[in-house]
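Enquirer: Okay, here's the structure, questions in a sec.
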Amino acid sequence: MNVAAYALRRLLLIVPTLLGVTLLTFALSRLVPGDPARLAAGAQATPEMYEQIRREFGLDQPLPAQYWGYLTGLFQGDWGRSILSRRSVVEDLQTYWPATLELVLVAMAIATLVGVPLGVVSAVRADRPVDQASRLVSLVGVSVPAFWLAVLLQLFFGLRLGWLPVSGRLGSAFAAPPHLTGLYLVDSAAAGQWATFGDAARQLVLPALTLSFPALATIARFTRASLLETLGQDYVRTARAKGVAERRVVLRHALRNALIPTITMIGLSFGWSMGGSVLVETVFDWPGIGLYATKSALTLDFSPIMGIALLYGLVFSLINIGVDLTYGLLDPRIARGAA
Amino acid sequence: MSARGALVGAGPGRTRRAAWSPSERQRRALRRFRQSPLSMVGLAIIAVLVLVAVVGPFLVPYPDDAAGAVNIREKLDPPSAAHVFGTDQVGRDVFTRVVVGARTSLLAGLTVIALALSVGTLLGAVAGFFGGKVDDAIMRVTDIFLTIPDLILAMAFAAALGPGLFNVMVAVSLVWWPGYCRLARANVIALREAQFAEAARAIGASRRRLLFGHVLPNAFPTILVKASMDVGFAVLTTAALGFIGLGTQPPTPDWGVMIADGRKYLREAWWYSTFPGLAILLAVLAFNLLGDGLRDVLDPRARKGA
């Protein structure tokens, strides 16, 4: 099987999984103890208003009909309405997704740029103090509650030292840059608004650092283990035996192969960070999907939750396919094995 | 995790385990575990936490503060001899509430893993052992669960089930069983053709006996390693749901809820959020260390990942 056919098959397999996701979240949304229509109508609603809201959201239909309506709507770009914001879920997702994407991308960049070198140093100096220290950092990194770390960083760098802002995507003095990608760093740079760029970057520091920490720890641990294993391989011994400089042995011979499993881990961490962004966004009042999810869950507003689950399910599946394809590109043995 | 433990184990531990009598194997395993200082630290912390969770609530300095006591005159007092972790916005002793919260958190962590492990392992074992359509069906369901980020799915379940500690435990278990299902399935597939399974089949063991008497017990060590680490992450996840506001309801002390409450007084009372967070960190760290140590002992093949 060639790569294109493999990719296509994987893409097609996403469809039944995502259908399953819609069925699961739909079932959940109908399990909710409270009555969403009552919630939307408010305490002072007349019976007529209540009935109208039930009709408006299709809550007066039998369950299979409701599900079918939801499903056909999905394909027509109607992902339901948020009962509380009264906007369409698609609109809301379009508004909030770039904020989350920007946060996760920056966090993953930090995690990779710090995590991989940390893992390399750890493996090369295995069991020396540098290694012990970096393993301690990794261990704490995967154990620390992100929401607590976020609160501590806010307290220290925001409130005590006053160095960095503690909430939102932009300071009040700045307007959002002209919309291009929705990523403020990119949009402001493209528009040449460097002051806005600087402010957006400052706003990103604390949330991105918080979010990067668990991923950084995992990536460092993984790189270390993988490189240690590679360094024990015969071809590395051969390279050393023929007199290749140690630096070159590590960076050219061993690391290239050791990084293949690490790339899988980076891909997976990307998915986890999307989930983790819920907590970080909640603490830093970051107007992304995570904050939207929290607000919706707390008010039992299920259409947004269903939309978020579907969007994240899609992104997560695509990342997985991307990781597998990259894997094949980097390690020809695997691509050939699949043939 | 510990390099020293790994080195000690790397010699004889690598040879065929079946060559030893069980008692010999257990002795070696125990020694390997003891020689890994970090695992012992993890075990010690867990022992202290369990002790705190069991007897702590009877020994705390201000038992009334675990419930809804109000001492407004002492509100937001910094740490002192009378209140070592300070007090909260209604003057309750933070130390007392952190200690009592240990019971909630550990109970939640252990229950979640017990539920997820039993359901997941059973389904995974059945899927791996019987294969075919049963396997396909179960695996497609795990696909669905594993496609949605853990926390989002847990939030959805928690919201649908309604607030309260019990519902949170159920919600997190519902999110976590697929991990055990996958692991148990992979193990059972690898083991069902092993020699000992072949031997049992040859002497006429029934399929049920083969699966539950022979294959599954041999798959269990790997599952146990995952479980020991996951208890910590289950504590973390239930605390996270509490933090968001989808978990334990007041006045029951919960570490996540305390951090969320303390956030509102961050400027004037740093201690309020700090101590419950440290407690979570300590618990998660301890179970991680224990899991690393157990992996060295029970699952030597996976040790390279330390």
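Every chain in the structure tokens takes a letter, A first, then B, and so on in the order presented; its residues are numbered from 1, and the ligands are numbered from 1 following the presented order.
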Kindly provide, as a list in words, the residues of chain A having any atom no farther than 6 Å from an atom of chain B, counting only C-alpha atoms.
Expert: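 That gives the following set of residues: Thr17, Gly20, Val21, Leu28, Leu31, Val32, Ser143, Val144, Trp148, Ala225, Gly275, Ala297, Ala309 and Gly313 of chain A.
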Enquirer: Please save all heavy atoms of the selected residues as an mmCIF file, in the first residue's frame.
Expert:
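Here's the written file out.cif:
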```cif
data_model
loop_
_atom_site.group_PDB
_atom_site.id
_atom_site.type_symbol
_atom_site.label_atom_id
_atom_site.label_comp_id
_atom_site.auth_asym_id
_atom_site.auth_seq_id
_atom_site.Cartn_x
_atom_site.Cartn_y
_atom_site.Cartn_z
ATOM 1 N N THR A 17 -15.640 6.800 13.800
ATOM 2 C CA THR A 17 -15.268 7.203 15.156
ATOM 3 C C THR A 17 -15.967 8.505 15.546
ATOM 4 O O THR A 17 -16.519 8.629 16.640
ATOM 5 C CB THR A 17 -13.746 7.385 15.255
ATOM 6 O OG1 THR A 17 -13.102 6.208 14.785
ATOM 7 C CG2 THR A 17 -13.325 7.659 16.682
ATOM 8 N N GLY A 20 -19.483 8.015 16.292
ATOM 9 C CA GLY A 20 -19.584 7.503 17.653
ATOM 10 C C GLY A 20 -19.505 8.623 18.675
ATOM 11 O O GLY A 20 -20.242 8.633 19.663
ATOM 12 N N VAL A 21 -18.603 9.569 18.422
ATOM 13 C CA VAL A 21 -18.461 10.711 19.329
ATOM 14 C C VAL A 21 -19.778 11.483 19.403
ATOM 15 O O VAL A 21 -20.257 11.828 20.490
ATOM 16 C CB VAL A 21 -17.312 11.643 18.873
ATOM 17 C CG1 VAL A 21 -17.338 12.944 19.657
ATOM 18 C CG2 VAL A 21 -15.970 10.952 19.040
ATOM 19 N N LEU A 28 -25.215 11.847 26.270
ATOM 20 C CA LEU A 28 -24.892 12.562 27.504
ATOM 21 C C LEU A 28 -25.765 13.799 27.668
ATOM 22 O O LEU A 28 -26.263 14.083 28.756
ATOM 23 C CB LEU A 28 -23.429 12.985 27.489
ATOM 24 C CG LEU A 28 -22.427 11.959 27.956
ATOM 25 C CD1 LEU A 28 -21.025 12.529 27.878
ATOM 26 C CD2 LEU A 28 -22.749 11.581 29.395
ATOM 27 N N LEU A 31 -28.969 13.115 29.106
ATOM 28 C CA LEU A 31 -28.967 12.548 30.456
ATOM 29 C C LEU A 31 -29.007 13.631 31.519
ATOM 30 O O LEU A 31 -29.249 13.369 32.677
ATOM 31 C CB LEU A 31 -27.687 11.736 30.662
ATOM 32 C CG LEU A 31 -27.685 10.264 30.308
ATOM 33 C CD1 LEU A 31 -26.303 9.690 30.551
ATOM 34 C CD2 LEU A 31 -28.707 9.533 31.179
ATOM 35 N N VAL A 32 -28.693 14.861 31.085
ATOM 36 C CA VAL A 32 -28.572 15.958 32.044
ATOM 37 C C VAL A 32 -29.794 16.045 32.933
ATOM 38 O O VAL A 32 -30.920 16.027 32.431
ATOM 39 C CB VAL A 32 -28.409 17.286 31.291
ATOM 40 C CG1 VAL A 32 -28.228 18.425 32.254
ATOM 41 C CG2 VAL A 32 -27.234 17.192 30.357
ATOM 42 N N SER A 143 3.764 15.593 37.526
ATOM 43 C CA SER A 143 2.945 15.437 38.734
ATOM 44 C C SER A 143 2.245 16.715 39.175
ATOM 45 O O SER A 143 1.277 16.659 39.911
ATOM 46 C CB SER A 143 3.814 14.952 39.910
ATOM 47 O OG SER A 143 4.548 13.812 39.563
ATOM 48 N N VAL A 144 2.752 17.853 38.742
ATOM 49 C CA VAL A 144 2.230 19.106 39.291
ATOM 50 C C VAL A 144 0.852 19.398 38.696
ATOM 51 O O VAL A 144 0.629 19.204 37.503
ATOM 52 C CB VAL A 144 3.220 20.269 39.017
ATOM 53 C CG1 VAL A 144 3.230 20.665 37.563
ATOM 54 C CG2 VAL A 144 2.892 21.454 39.890
ATOM 55 N N TRP A 148 -2.887 24.566 39.549
ATOM 56 C CA TRP A 148 -2.231 25.120 40.750
ATOM 57 C C TRP A 148 -0.960 25.878 40.342
ATOM 58 O O TRP A 148 -0.695 26.978 40.818
ATOM 59 C CB TRP A 148 -1.894 23.981 41.698
ATOM 60 C CG TRP A 148 -1.190 24.361 42.953
ATOM 61 C CD1 TRP A 148 -1.699 25.117 43.965
ATOM 62 C CD2 TRP A 148 0.146 23.993 43.327
ATOM 63 N NE1 TRP A 148 -0.762 25.228 44.966
ATOM 64 C CE2 TRP A 148 0.379 24.558 44.604
ATOM 65 C CE3 TRP A 148 1.152 23.246 42.735
ATOM 66 C CZ2 TRP A 148 1.592 24.397 45.272
ATOM 67 C CZ3 TRP A 148 2.342 23.085 43.406
ATOM 68 C CH2 TRP A 148 2.560 23.659 44.651
ATOM 69 N N ALA A 225 15.105 8.311 27.372
ATOM 70 C CA ALA A 225 15.016 6.849 27.287
ATOM 71 C C ALA A 225 15.370 6.361 25.888
ATOM 72 O O ALA A 225 16.129 5.410 25.712
ATOM 73 C CB ALA A 225 13.604 6.409 27.660
ATOM 74 N N GLY A 275 -6.465 19.251 25.718
ATOM 75 C CA GLY A 275 -7.284 18.951 26.879
ATOM 76 C C GLY A 275 -6.843 19.768 28.081
ATOM 77 O O GLY A 275 -7.653 20.359 28.786
ATOM 78 N N ALA A 297 -20.024 23.681 30.471
ATOM 79 C CA ALA A 297 -20.270 22.534 31.349
ATOM 80 C C ALA A 297 -20.928 23.000 32.641
ATOM 81 O O ALA A 297 -21.836 22.354 33.153
ATOM 82 C CB ALA A 297 -18.970 21.802 31.652
ATOM 83 N N ALA A 309 -16.289 18.498 21.642
ATOM 84 C CA ALA A 309 -15.851 17.103 21.590
ATOM 85 C C ALA A 309 -15.611 16.689 20.139
ATOM 86 O O ALA A 309 -14.628 16.019 19.811
ATOM 87 C CB ALA A 309 -16.888 16.198 22.242
ATOM 88 N N GLY A 313 -12.094 15.825 18.676
ATOM 89 C CA GLY A 313 -11.977 14.471 18.156
ATOM 90 C C GLY A 313 -11.364 14.497 16.765
ATOM 91 O O GLY A 313 -10.464 13.713 16.443
#
```
Enquirer: If you count only C-alpha atoms, which residues fall within 10 Å of A:Ile289, apart from same-chain ones fewer than 6 positions away, as a list in words?
Expert: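 In the requested format, the answer is Asp92, Leu93, Gln94, Thr95, Tyr96, Trp97, Pro98, Ala99, Thr100, Leu101, Met274, Gly275, Ser277, Val278, Glu281, Thr282, Lys295, Pro304, Ile305, Ile308, Leu311 and Tyr312 of chain A.
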Enquirer: Write the selection just made, keeping N, CA, C and O atoms, as a compact mmCIF listing (two decimals), in the first residue's frame?
Expert:
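Saved the output as selection.txt:
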```
# COMPACT_ATOMS: atom_id res chain seq x y z
N ASP A 92 -19.19 30.34 17.61
CA ASP A 92 -18.42 30.38 18.85
C ASP A 92 -17.08 29.66 18.69
O ASP A 92 -16.04 30.17 19.10
N LEU A 93 -17.12 28.47 18.06
CA LEU A 93 -15.88 27.71 17.90
C LEU A 93 -14.89 28.48 17.02
O LEU A 93 -13.69 28.51 17.29
N GLN A 94 -15.40 29.12 15.98
CA GLN A 94 -14.52 29.90 15.11
C GLN A 94 -13.87 31.05 15.88
O GLN A 94 -12.73 31.41 15.64
N THR A 95 -14.65 31.62 16.79
CA THR A 95 -14.10 32.72 17.58
C THR A 95 -13.01 32.23 18.54
O THR A 95 -11.98 32.86 18.69
N TYR A 96 -13.29 31.09 19.21
CA TYR A 96 -12.42 30.69 20.31
C TYR A 96 -11.25 29.80 19.89
O TYR A 96 -10.23 29.76 20.57
N TRP A 97 -11.40 29.08 18.80
CA TRP A 97 -10.38 28.11 18.41
C TRP A 97 -9.00 28.74 18.19
O TRP A 97 -7.99 28.21 18.68
N PRO A 98 -8.88 29.88 17.46
CA PRO A 98 -7.53 30.43 17.24
C PRO A 98 -6.80 30.74 18.54
O PRO A 98 -5.59 30.55 18.63
N ALA A 99 -7.54 31.17 19.56
CA ALA A 99 -6.89 31.50 20.84
C ALA A 99 -6.26 30.25 21.44
O ALA A 99 -5.12 30.27 21.91
N THR A 100 -7.01 29.15 21.41
CA THR A 100 -6.49 27.89 21.96
C THR A 100 -5.33 27.38 21.11
O THR A 100 -4.30 26.95 21.64
N LEU A 101 -5.50 27.46 19.79
CA LEU A 101 -4.46 26.96 18.90
C LEU A 101 -3.15 27.72 19.15
O LEU A 101 -2.07 27.12 19.25
N MET A 274 -4.24 20.15 24.31
CA MET A 274 -5.55 20.73 24.01
C MET A 274 -6.50 20.47 25.16
O MET A 274 -7.27 21.33 25.56
N GLY A 275 -6.47 19.25 25.72
CA GLY A 275 -7.28 18.95 26.88
C GLY A 275 -6.84 19.77 28.08
O GLY A 275 -7.65 20.36 28.79
N SER A 277 -5.47 22.56 28.18
CA SER A 277 -5.70 23.99 28.06
C SER A 277 -6.99 24.42 28.75
O SER A 277 -7.17 25.58 29.08
N VAL A 278 -7.89 23.46 29.00
CA VAL A 278 -9.12 23.79 29.70
C VAL A 278 -8.81 24.48 31.02
O VAL A 278 -9.33 25.55 31.34
N GLU A 281 -6.64 27.82 30.57
CA GLU A 281 -7.47 28.92 30.06
C GLU A 281 -8.41 29.42 31.15
O GLU A 281 -8.68 30.62 31.24
N THR A 282 -8.90 28.50 31.97
CA THR A 282 -9.81 28.91 33.04
C THR A 282 -9.09 29.83 34.03
O THR A 282 -9.62 30.87 34.43
N LYS A 295 -17.27 27.04 30.89
CA LYS A 295 -18.50 27.81 31.10
C LYS A 295 -19.71 27.01 30.67
O LYS A 295 -20.75 27.02 31.34
N PRO A 304 -22.56 23.36 22.91
CA PRO A 304 -21.14 23.68 22.77
C PRO A 304 -20.24 22.50 23.14
O PRO A 304 -19.26 22.24 22.45
N ILE A 305 -20.60 21.77 24.19
CA ILE A 305 -19.75 20.64 24.60
C ILE A 305 -19.70 19.59 23.49
O ILE A 305 -18.64 19.03 23.19
N ILE A 308 -17.44 20.94 20.84
CA ILE A 308 -16.03 20.90 21.24
C ILE A 308 -15.49 19.47 21.15
O ILE A 308 -14.40 19.23 20.63
N LEU A 311 -14.98 18.71 17.49
CA LEU A 311 -13.82 19.43 16.94
C LEU A 311 -12.52 18.81 17.44
O LEU A 311 -11.61 18.53 16.65
N TYR A 312 -12.44 18.57 18.76
CA TYR A 312 -11.21 18.01 19.31
C TYR A 312 -10.99 16.58 18.83
O TYR A 312 -9.86 16.17 18.59
```
Enquirer: So that I can check the secondary structure, give me every residue of stretch 69-235 of chain B assigned alpha helix (DSSP H) by backbone DSSP, as a PyMOL selection string.
Expert: chain B and resi 94-130+132-147+150-161+165-192+195-202+207-209+216-235
Enquirer: Using only C-alpha atoms, which protein or nucleic acid residues come within 9 Å of stretch 319-330 of chain A? Drop anything in the same chain fewer than 3 positions from it, and give the result as a list of chain:residue names.
Expert: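 Neighbouring residues, sequence-local ones excluded: A:Val3, A:Tyr6, A:Ala7, A:Arg10, A:Leu11, A:Arg256, A:Asn257, A:Ile260, A:Pro261, A:Ile263, A:Thr264, A:Met265, A:Ile266, A:Gly267, A:Leu268, A:Phe270, A:Gly271, A:Leu314, A:Val315, A:Phe316, A:Arg333, A:Ile334, A:Ala335, A:Arg336, A:Ala338.
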Enquirer: So that I have them on file, write out the residues from the current selection with C-alpha atoms, as a compact mmCIF listing (two decimals), in the first residue's frame.
Expert:
```
# COMPACT_ATOMS: atom_id res chain seq x y z
CA VAL A 3 1.35 6.34 1.46
CA TYR A 6 -2.81 4.50 3.59
CA ALA A 7 -3.60 8.11 4.47
CA ARG A 10 -7.01 6.29 7.84
CA LEU A 11 -8.99 9.43 6.99
CA ARG A 256 18.33 11.17 14.44
CA ASN A 257 17.06 7.69 15.14
CA ILE A 260 11.57 9.07 15.84
CA PRO A 261 9.67 7.85 18.90
CA ILE A 263 8.09 12.75 17.49
CA THR A 264 5.19 10.45 18.30
CA MET A 265 5.31 11.73 21.84
CA ILE A 266 5.30 15.36 20.65
CA GLY A 267 2.24 14.64 18.53
CA LEU A 268 0.44 12.97 21.41
CA PHE A 270 -0.18 18.21 21.38
CA GLY A 271 -3.47 16.39 21.81
CA LEU A 314 -11.32 15.57 14.59
CA VAL A 315 -8.12 17.46 15.41
CA PHE A 316 -6.86 14.60 17.58
CA ARG A 333 11.77 0.55 7.36
CA ILE A 334 8.30 1.25 8.69
CA ALA A 335 7.00 2.59 5.38
CA ARG A 336 8.33 -0.50 3.64
CA ALA A 338 3.45 -1.28 5.61
```
Enquirer: Atom CA of B:Phe85 to atom CA of B:Ser39: how many Å, to one decimal?
Expert: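 The value is 28.2 Å.
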Enquirer: Please list as a PDB file with N, CA, C and O atoms, in the first residue's frame every residue within 6 Å of stretch 52-66 of chain B, counting only C-alpha atoms and excluding residues in the same chain fewer than 2 positions away.
Expert:
```pdb
ATOM      1  N   LEU B  49       0.359   9.340  53.618  1.00  0.00           N
ATOM      2  CA  LEU B  49      -0.913   9.881  53.128  1.00  0.00           C
ATOM      3  C   LEU B  49      -2.084   9.000  53.556  1.00  0.00           C
ATOM      4  O   LEU B  49      -3.136   9.506  53.973  1.00  0.00           O
ATOM      5  N   VAL B  50      -1.885   7.677  53.462  1.00  0.00           N
ATOM      6  CA  VAL B  50      -2.959   6.773  53.851  1.00  0.00           C
ATOM      7  C   VAL B  50      -3.248   6.907  55.344  1.00  0.00           C
ATOM      8  O   VAL B  50      -4.400   6.998  55.770  1.00  0.00           O
ATOM      9  N   ALA B  69     -18.059  25.112  59.726  1.00  0.00           N
ATOM     10  CA  ALA B  69     -17.847  26.085  60.795  1.00  0.00           C
ATOM     11  C   ALA B  69     -17.465  27.456  60.241  1.00  0.00           C
ATOM     12  O   ALA B  69     -16.864  27.561  59.185  1.00  0.00           O
ATOM     13  N   ARG B  92     -11.749  29.178  58.685  1.00  0.00           N
ATOM     14  CA  ARG B  92     -11.496  27.757  58.954  1.00  0.00           C
ATOM     15  C   ARG B  92     -10.012  27.456  58.804  1.00  0.00           C
ATOM     16  O   ARG B  92      -9.323  28.077  57.988  1.00  0.00           O
ATOM     17  N   THR B  96      -6.427  21.719  58.814  1.00  0.00           N
ATOM     18  CA  THR B  96      -7.478  20.742  59.083  1.00  0.00           C
ATOM     19  C   THR B  96      -8.140  20.302  57.784  1.00  0.00           C
ATOM     20  O   THR B  96      -8.357  19.116  57.543  1.00  0.00           O
ATOM     21  N   ARG B  97      -8.436  21.271  56.940  1.00  0.00           N
ATOM     22  CA  ARG B  97      -9.169  20.947  55.711  1.00  0.00           C
ATOM     23  C   ARG B  97      -8.291  20.188  54.713  1.00  0.00           C
ATOM     24  O   ARG B  97      -8.778  19.341  53.985  1.00  0.00           O
ATOM     25  N   VAL B 100      -8.263  16.560  56.112  1.00  0.00           N
ATOM     26  CA  VAL B 100      -9.520  15.854  55.859  1.00  0.00           C
ATOM     27  C   VAL B 100      -9.703  15.648  54.346  1.00  0.00           C
ATOM     28  O   VAL B 100     -10.242  14.632  53.901  1.00  0.00           O
ATOM     29  N   ALA B 102      -7.476  14.856  52.329  1.00  0.00           N
ATOM     30  CA  ALA B 102      -6.694  13.693  51.899  1.00  0.00           C
ATOM     31  C   ALA B 102      -7.598  12.473  51.786  1.00  0.00           C
ATOM     32  O   ALA B 102      -7.444  11.649  50.889  1.00  0.00           O
ATOM     33  N   ARG B 103      -8.554  12.371  52.701  1.00  0.00           N
ATOM     34  CA  ARG B 103      -9.452  11.222  52.679  1.00  0.00           C
ATOM     35  C   ARG B 103     -10.290  11.247  51.388  1.00  0.00           C
ATOM     36  O   ARG B 103     -10.377  10.251  50.682  1.00  0.00           O
TER      37      ARG B 103
END
```
Enquirer: For atom CA of A:Gln132 and atom CA of A:Ala254, determine how far apart the two atoms are, in Å to one decimal place.
Expert: 21.6 Å
Enquirer: Looking at A:Arg202, A:Leu24, A:Ala126, A:Glu102, which one is nearest to B:Val175, with distances taken over only C-alpha atoms?
Expert: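 The shortest atom-to-atom distance to B:Val175 comes from A:Leu24.
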Enquirer: Have a look at atom CA of A:Asp285 and atom CA of B:Leu174 and let me know their distance in Å, one decimal.
Expert: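 Separation between atom CA of A:Asp285 and atom CA of B:Leu174: 28.5 Å.
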Enquirer: Choose the residue, out of B:Val172, B:Ala194, B:Val188, B:Leu183, that has the smallest atom-to-atom separation from B:Gly242; count only C-alpha atoms.
Expert: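 Among B:Val172, B:Ala194, B:Val188, B:Leu183, it is B:Val172 that comes nearest to B:Gly242.
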Enquirer: Please identify all polymer residues within 9 Å of B:Ser228, counting only C-alpha atoms, omitting same-chain residues fewer than 6 positions from it, and present them as a PDB file with N, CA and C atoms, in the first residue's frame.
Expert:
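Result written to around39.pdb:
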```
ATOM      1  N   ILE B 113      -9.642   4.185  39.985  1.00  0.00           N
ATOM      2  CA  ILE B 113      -8.785   3.182  39.360  1.00  0.00           C
ATOM      3  C   ILE B 113      -9.397   1.784  39.510  1.00  0.00           C
ATOM      4  N   PHE B 287       2.715   8.444  43.893  1.00  0.00           N
ATOM      5  CA  PHE B 287       2.220   7.312  43.100  1.00  0.00           C
ATOM      6  C   PHE B 287       3.044   7.120  41.833  1.00  0.00           C
ATOM      7  N   ASN B 288       3.567   8.218  41.274  1.00  0.00           N
ATOM      8  CA  ASN B 288       4.468   8.097  40.134  1.00  0.00           C
ATOM      9  C   ASN B 288       5.732   7.333  40.499  1.00  0.00           C
ATOM     10  N   LEU B 290       6.161   5.288  43.007  1.00  0.00           N
ATOM     11  CA  LEU B 290       5.810   3.897  43.293  1.00  0.00           C
ATOM     12  C   LEU B 290       5.636   3.116  41.991  1.00  0.00           C
ATOM     13  N   GLY B 291       4.938   3.727  41.028  1.00  0.00           N
ATOM     14  CA  GLY B 291       4.699   3.059  39.751  1.00  0.00           C
ATOM     15  C   GLY B 291       6.008   2.760  39.033  1.00  0.00           C
ATOM     16  N   ASP B 292       6.924   3.734  39.056  1.00  0.00           N
ATOM     17  CA  ASP B 292       8.234   3.512  38.432  1.00  0.00           C
ATOM     18  C   ASP B 292       8.940   2.331  39.077  1.00  0.00           C
ATOM     19  N   LEU B 294       7.587  -0.159  40.815  1.00  0.00           N
ATOM     20  CA  LEU B 294       6.881  -1.408  40.532  1.00  0.00           C
ATOM     21  C   LEU B 294       7.173  -1.896  39.129  1.00  0.00           C
TER      22      LEU B 294
END
```
